[in-house]
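**Student:** Please read through the structure below; I'll follow up with questions.
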Amino acid sequence: MDSRLNIIAGFKGGESYVKDLYVSLPFRVVSVGQRKSDKKQYQMIMSSSPGILDGDHYHLDVALEKGASLQLQSQSYQRLFNMKDKALQELNVTMEDETSFAYVPHPIVPHEDSNFKSKANVQIGKNSQIIISEIITCGRKHYGEVFKLKRFQNLMEIYHQNKLVVKDNVVIQPDMIPISSIGNLEQYTHQGTLIFYSTKENVDKNGLIETIVEVAAVHLEEMEVGVSAMEDNGFVVRALGHGGELMYNFFLHIQEILWSLE
């Protein structure tokens, strides 16, 4: 099934708002920011499908006009079902100047023989920031499906002024790359990546990294966490663990810290 989600966040009178929205099955988008007083937009992506099926092709297009702030949320864990061929997802984000975008979705659960590729392309403007993450689990562990997927790939590219500034490529293919070997996940069953990139000049990158390391220290017994600083105002958080919920809540905590930056 070819499915589309198009959303444009506008900015008027000091407030962000949904200027345009189009979805096709199985998508639905609802506002979840009624209790917020920061005049930013909070939207949740919902789905009538139990998960991503063989042959599905998701097209997600997000645009933020100058001054807009948009935080997308997911409804639940994303299941990748058994596939004979593959499924695809394309996320295109266009950010004008002075915008903020965040997308920290629930973990992905790949079922046996699933084959999924996700590609995200982000164009970020001046004085703007993006927070985006993914968590990949081993699958349905209680059903004995520990990394029995065919292949999983998530490719992330962020551009600023037509220059590639961030590229991250996560590939899990157990029949080619032993998942539990040294240098891969070893004894862990969950892997998470959170990317923060800002074109603002007043970002205290080192201070933010120190704060995240302090937050991570609370969970050292449950997770391994590392933060890699970029040359520009950005960093990548990597996490390894045994549970999706703990890692997801950890990423939500980081998002909360970064989202409040002015």
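Scheme for the structure tokens: letters A, B, ... for chains in order shown; per-chain residue numbers from 1; ligand numbers from 1 in order shown.
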Excluding region 23-33 of chain A and its own-chain neighbours fewer than 4 positions away, which residues fall within 9 Å of it when counting only C-alpha atoms? Please give them as number ranges by chain.
**Tutor:** A: 1-7, 37, 39-49, 73
**Student:** If you keep N, CA and C atoms, can you produce a file of those selected residues as a PDB file, in the first residue's frame?
**Tutor:**
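The result, stored in selection-v7.pdb:
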ATOM      1  N   MET A   1       0.841  -1.196   0.000  1.00  0.00           N
ATOM      2  CA  MET A   1       0.000   0.000   0.000  1.00  0.00           C
ATOM      3  C   MET A   1       0.876   1.246   0.000  1.00  0.00           C
ATOM      4  N   ASP A   2       0.604   2.175  -0.904  1.00  0.00           N
ATOM      5  CA  ASP A   2       1.253   3.475  -0.906  1.00  0.00           C
ATOM      6  C   ASP A   2       0.461   4.396   0.022  1.00  0.00           C
ATOM      7  N   SER A   3       1.117   4.895   1.056  1.00  0.00           N
ATOM      8  CA  SER A   3       0.433   5.735   2.045  1.00  0.00           C
ATOM      9  C   SER A   3       1.178   7.050   2.193  1.00  0.00           C
ATOM     10  N   ARG A   4       0.404   8.140   2.360  1.00  0.00           N
ATOM     11  CA  ARG A   4       1.016   9.469   2.398  1.00  0.00           C
ATOM     12  C   ARG A   4       0.564  10.263   3.617  1.00  0.00           C
ATOM     13  N   LEU A   5       1.519  11.039   4.110  1.00  0.00           N
ATOM     14  CA  LEU A   5       1.241  11.997   5.175  1.00  0.00           C
ATOM     15  C   LEU A   5       1.985  13.282   4.834  1.00  0.00           C
ATOM     16  N   ASN A   6       1.243  14.361   4.645  1.00  0.00           N
ATOM     17  CA  ASN A   6       1.833  15.671   4.356  1.00  0.00           C
ATOM     18  C   ASN A   6       1.349  16.662   5.410  1.00  0.00           C
ATOM     19  N   ILE A   7       2.284  17.329   6.053  1.00  0.00           N
ATOM     20  CA  ILE A   7       1.915  18.320   7.058  1.00  0.00           C
ATOM     21  C   ILE A   7       2.784  19.559   6.899  1.00  0.00           C
ATOM     22  N   SER A  37       1.547  25.533  26.864  1.00  0.00           N
ATOM     23  CA  SER A  37       1.406  26.994  26.837  1.00  0.00           C
ATOM     24  C   SER A  37       2.568  27.673  26.120  1.00  0.00           C
ATOM     25  N   LYS A  39       3.081  27.753  22.853  1.00  0.00           N
ATOM     26  CA  LYS A  39       2.668  28.209  21.522  1.00  0.00           C
ATOM     27  C   LYS A  39       3.375  27.467  20.393  1.00  0.00           C
ATOM     28  N   LYS A  40       3.858  26.234  20.706  1.00  0.00           N
ATOM     29  CA  LYS A  40       4.424  25.358  19.688  1.00  0.00           C
ATOM     30  C   LYS A  40       3.389  24.316  19.303  1.00  0.00           C
ATOM     31  N   GLN A  41       3.627  23.604  18.212  1.00  0.00           N
ATOM     32  CA  GLN A  41       2.673  22.606  17.729  1.00  0.00           C
ATOM     33  C   GLN A  41       3.094  21.198  18.126  1.00  0.00           C
ATOM     34  N   TYR A  42       2.120  20.410  18.622  1.00  0.00           N
ATOM     35  CA  TYR A  42       2.351  19.028  19.019  1.00  0.00           C
ATOM     36  C   TYR A  42       1.308  18.160  18.308  1.00  0.00           C
ATOM     37  N   GLN A  43       1.764  17.256  17.448  1.00  0.00           N
ATOM     38  CA  GLN A  43       0.868  16.413  16.678  1.00  0.00           C
ATOM     39  C   GLN A  43       1.280  14.947  16.826  1.00  0.00           C
ATOM     40  N   MET A  44       0.285  14.072  16.942  1.00  0.00           N
ATOM     41  CA  MET A  44       0.559  12.635  17.056  1.00  0.00           C
ATOM     42  C   MET A  44       0.142  11.926  15.779  1.00  0.00           C
ATOM     43  N   ILE A  45       1.059  11.102  15.253  1.00  0.00           N
ATOM     44  CA  ILE A  45       0.760  10.278  14.083  1.00  0.00           C
ATOM     45  C   ILE A  45       0.156   8.962  14.570  1.00  0.00           C
ATOM     46  N   MET A  46      -1.042   8.663  14.095  1.00  0.00           N
ATOM     47  CA  MET A  46      -1.728   7.427  14.464  1.00  0.00           C
ATOM     48  C   MET A  46      -1.941   6.587  13.215  1.00  0.00           C
ATOM     49  N   SER A  47      -2.193   5.302  13.418  1.00  0.00           N
ATOM     50  CA  SER A  47      -2.358   4.394  12.285  1.00  0.00           C
ATOM     51  C   SER A  47      -3.439   3.370  12.585  1.00  0.00           C
ATOM     52  N   SER A  48      -4.264   3.087  11.586  1.00  0.00           N
ATOM     53  CA  SER A  48      -5.288   2.053  11.725  1.00  0.00           C
ATOM     54  C   SER A  48      -4.739   0.671  11.391  1.00  0.00           C
ATOM     55  N   SER A  49      -3.491   0.620  10.925  1.00  0.00           N
ATOM     56  CA  SER A  49      -2.849  -0.658  10.607  1.00  0.00           C
ATOM     57  C   SER A  49      -2.123  -1.187  11.838  1.00  0.00           C
ATOM     58  N   GLN A  73       4.774  13.089  17.407  1.00  0.00           N
ATOM     59  CA  GLN A  73       4.835  11.970  18.334  1.00  0.00           C
ATOM     60  C   GLN A  73       4.220  10.749  17.671  1.00  0.00           C
TER      61      GLN A  73
END
**Student:** Do you know which residues are at most 10 Å from Asn206 (chain A) counting only C-alpha atoms, after dropping those on the same chain fewer than 3 positions away, and could you put them as a PyMOL selection string?
**Tutor:** chain A and resi 203+209-212+229+233-235
**Student:** Return as JSON lines the residues of region 126-176 of chain A lying at most 8 Å from region 82-103 of chain A, together with the closest atom-to-atom pair for each and the distance in Å to one decimal, counting only C-alpha atoms, with rows in chain order and ascending residue number.
**Tutor:**
{"residue": "A:Lys126", "atom": "CA", "partner": "A:Asp97", "partner_atom": "CA", "distance": 4.6}
{"residue": "A:Asn127", "atom": "CA", "partner": "A:Glu98", "partner_atom": "CA", "distance": 4.8}
{"residue": "A:Ser128", "atom": "CA", "partner": "A:Thr99", "partner_atom": "CA", "distance": 4.8}
{"residue": "A:Gln129", "atom": "CA", "partner": "A:Ser100", "partner_atom": "CA", "distance": 5.0}
{"residue": "A:Ile130", "atom": "CA", "partner": "A:Phe101", "partner_atom": "CA", "distance": 4.9}
{"residue": "A:Ile131", "atom": "CA", "partner": "A:Ala102", "partner_atom": "CA", "distance": 4.5}
{"residue": "A:Ile132", "atom": "CA", "partner": "A:Tyr103", "partner_atom": "CA", "distance": 4.8}
{"residue": "A:Ser133", "atom": "CA", "partner": "A:Tyr103", "partner_atom": "CA", "distance": 6.6}
**Student:** From a DSSP pass on the backbone, collect the residues of region 84-238 of chain A flagged as helix (DSSP H, G or I) and hand them back as number ranges by chain.
**Tutor:** A: 141-143, 205-217
**Student:** Do you have the CA of Leu64 (chain A)-CA of Asn121 (chain A) distance handy?
**Tutor:**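 CA of Asn121 (chain A) lies at a distance of 14.0 Å from CA of Leu64 (chain A).
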**Student:** Got a sec: who's within 6 Å of His190 (chain A), counting only C-alpha atoms, leaving out chain neighbours fewer than 4 positions off, as a PyMOL selection string?
**Tutor:** chain A and resi 136-137+240-242
**Student:** Need the shell around Val165 (chain A): protein/DNA/RNA residues with any atom at most 12 Å away, counting only C-alpha atoms. Skip same-chain ones fewer than 5 positions apart. Format as a ChimeraX atom specification?
**Tutor:** /A:121-124,156-160,195-199,230-235
**Student:** Filtering to C-alpha atoms, could you give me those residues as a short mmCIF file (atom, residue, chain, number, x, y, z; two decimals), in the first residue's frame?
**Tutor:**
data_model
loop_
_atom_site.label_atom_id
_atom_site.label_comp_id
_atom_site.auth_asym_id
_atom_site.auth_seq_id
_atom_site.Cartn_x
_atom_site.Cartn_y
_atom_site.Cartn_z
CA ASN A 121 16.18 13.59 4.20
CA VAL A 122 16.25 16.83 6.18
CA GLN A 123 16.85 20.34 4.86
CA ILE A 124 17.49 22.66 7.80
CA MET A 156 19.52 9.70 7.88
CA GLU A 157 20.87 12.70 5.96
CA ILE A 158 20.71 16.32 7.14
CA TYR A 159 21.58 19.18 4.80
CA HIS A 160 22.20 22.86 5.52
CA ILE A 195 20.58 13.02 16.64
CA PHE A 196 20.59 16.68 17.61
CA TYR A 197 21.71 19.31 15.15
CA SER A 198 21.43 23.08 15.45
CA THR A 199 22.34 26.01 13.22
CA MET A 230 29.97 16.92 15.96
CA GLU A 231 32.25 19.62 14.62
CA ASP A 232 29.23 21.90 14.36
CA ASN A 233 26.52 22.47 16.96
CA GLY A 234 25.29 18.93 17.21
CA PHE A 235 25.84 15.49 18.67
#
**Student:** Taking the chain letters and numbering used in this document, name the residues of region 25-232 of chain A that DSSP puts in strand (DSSP E or B), as a ChimeraX atom specification.
**Tutor:** /A:27-31,41-47,52,57-64,69-74,78-80,87-95,100-103,108-110,115-124,129-136,151-160,163-172,190-198,223-229
**Student:** Residues as selected, C-alpha atoms, written as a short mmCIF file (atom, residue, chain, number, x, y, z; two decimals), in the first residue's frame, can you do that?
**Tutor:**
data_model
loop_
_atom_site.label_atom_id
_atom_site.label_comp_id
_atom_site.auth_asym_id
_atom_site.auth_seq_id
_atom_site.Cartn_x
_atom_site.Cartn_y
_atom_site.Cartn_z
CA PHE A 27 -2.58 7.44 8.77
CA ARG A 28 -4.36 9.82 11.05
CA VAL A 29 -2.92 12.92 12.76
CA VAL A 30 -4.34 14.44 15.95
CA SER A 31 -3.32 17.43 18.04
CA GLN A 41 2.67 22.61 17.73
CA TYR A 42 2.35 19.03 19.02
CA GLN A 43 0.87 16.41 16.68
CA MET A 44 0.56 12.63 17.06
CA ILE A 45 0.76 10.28 14.08
CA MET A 46 -1.73 7.43 14.46
CA SER A 47 -2.36 4.39 12.29
CA ILE A 52 4.04 -2.17 8.39
CA HIS A 57 5.56 2.30 1.01
CA TYR A 58 5.14 5.18 3.42
CA HIS A 59 5.74 8.76 2.21
CA LEU A 60 5.98 11.33 5.00
CA ASP A 61 6.50 14.98 4.01
CA VAL A 62 6.92 17.60 6.72
CA ALA A 63 7.46 21.32 6.09
CA LEU A 64 8.03 24.08 8.64
CA SER A 69 8.04 24.73 15.91
CA LEU A 70 6.61 21.24 15.40
CA GLN A 71 6.95 18.14 17.56
CA LEU A 72 5.65 14.90 16.07
CA GLN A 73 4.83 11.97 18.33
CA SER A 74 4.04 8.34 17.61
CA GLN A 78 5.95 0.16 15.19
CA ARG A 79 5.73 -3.49 14.14
CA LEU A 80 7.38 -4.78 10.97
CA ALA A 87 8.68 -2.34 2.87
CA LEU A 88 9.91 1.23 2.54
CA GLN A 89 9.50 4.51 4.38
CA GLU A 90 10.62 7.94 3.14
CA LEU A 91 10.64 10.95 5.44
CA ASN A 92 11.34 14.36 3.92
CA VAL A 93 11.62 17.35 6.26
CA THR A 94 11.99 20.90 4.97
CA MET A 95 12.79 23.50 7.61
CA SER A 100 12.41 23.67 15.46
CA PHE A 101 11.43 20.09 14.67
CA ALA A 102 11.41 17.02 16.90
CA TYR A 103 10.45 13.42 16.21
CA ILE A 108 10.51 -0.55 16.14
CA VAL A 109 9.74 -4.27 16.54
CA PRO A 110 10.91 -6.35 13.53
CA ASN A 115 12.81 -6.45 5.46
CA PHE A 116 12.53 -2.71 5.97
CA LYS A 117 14.37 0.38 4.74
CA SER A 118 13.75 3.86 6.04
CA LYS A 119 15.34 6.96 4.57
CA ALA A 120 15.12 10.46 6.05
CA ASN A 121 16.18 13.59 4.20
CA VAL A 122 16.25 16.83 6.18
CA GLN A 123 16.85 20.34 4.86
CA ILE A 124 17.49 22.66 7.80
CA GLN A 129 17.33 22.88 15.31
CA ILE A 130 16.25 19.27 14.86
CA ILE A 131 15.87 16.37 17.31
CA ILE A 132 15.25 12.99 15.71
CA SER A 133 15.70 9.40 16.91
CA GLU A 134 15.06 5.73 16.32
CA ILE A 135 15.12 2.62 18.52
CA ILE A 136 15.40 -0.85 17.00
CA ARG A 151 17.26 -6.79 7.01
CA PHE A 152 16.74 -3.40 8.61
CA GLN A 153 18.20 -0.10 7.44
CA ASN A 154 17.70 3.47 8.56
CA LEU A 155 19.55 6.12 6.56
CA MET A 156 19.52 9.70 7.88
CA GLU A 157 20.87 12.70 5.96
CA ILE A 158 20.71 16.32 7.14
CA TYR A 159 21.58 19.18 4.80
CA HIS A 160 22.20 22.86 5.52
CA LYS A 163 25.70 20.88 2.17
CA LEU A 164 25.53 17.45 3.80
CA VAL A 165 26.24 18.06 7.50
CA VAL A 166 25.04 14.81 9.10
CA LYS A 167 24.84 11.27 7.72
CA ASP A 168 23.95 8.25 9.82
CA ASN A 169 23.36 4.76 8.44
CA VAL A 170 22.20 1.91 10.69
CA VAL A 171 22.09 -1.52 9.04
CA ILE A 172 21.13 -4.79 10.73
CA HIS A 190 18.12 -2.96 21.73
CA GLN A 191 19.92 -0.13 19.97
CA GLY A 192 18.93 3.53 19.97
CA THR A 193 20.20 6.59 18.11
CA LEU A 194 19.24 10.20 18.80
CA ILE A 195 20.58 13.02 16.64
CA PHE A 196 20.59 16.68 17.61
CA TYR A 197 21.71 19.31 15.15
CA SER A 198 21.43 23.08 15.45
CA MET A 223 22.00 0.74 29.43
CA GLU A 224 25.29 1.65 27.82
CA VAL A 225 25.20 5.23 26.54
CA GLY A 226 27.71 7.25 24.53
CA VAL A 227 27.59 10.77 23.13
CA SER A 228 29.62 11.84 20.09
CA ALA A 229 30.08 15.57 19.48
#
**Student:** A:His219, A:Lys200, A:Asp38, A:Phe147: which is nearest Ser260 (chain A), counting only C-alpha atoms?
**Tutor:**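 Residue with the minimum atom-to-atom distance to Ser260 (chain A): A:Asp38.
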**Student:** Which of these, A:Asp54, A:Val218, A:Asp113, A:Glu65, has the shortest distance to Asp20 (chain A) once you count only C-alpha atoms?
**Tutor:** A:Glu65
**Student:** CA of His111 (chain A) and CA of Lys150 (chain A), how far apart in Å?
**Tutor:**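 CA of His111 (chain A) lies 9.2 Å from CA of Lys150 (chain A).
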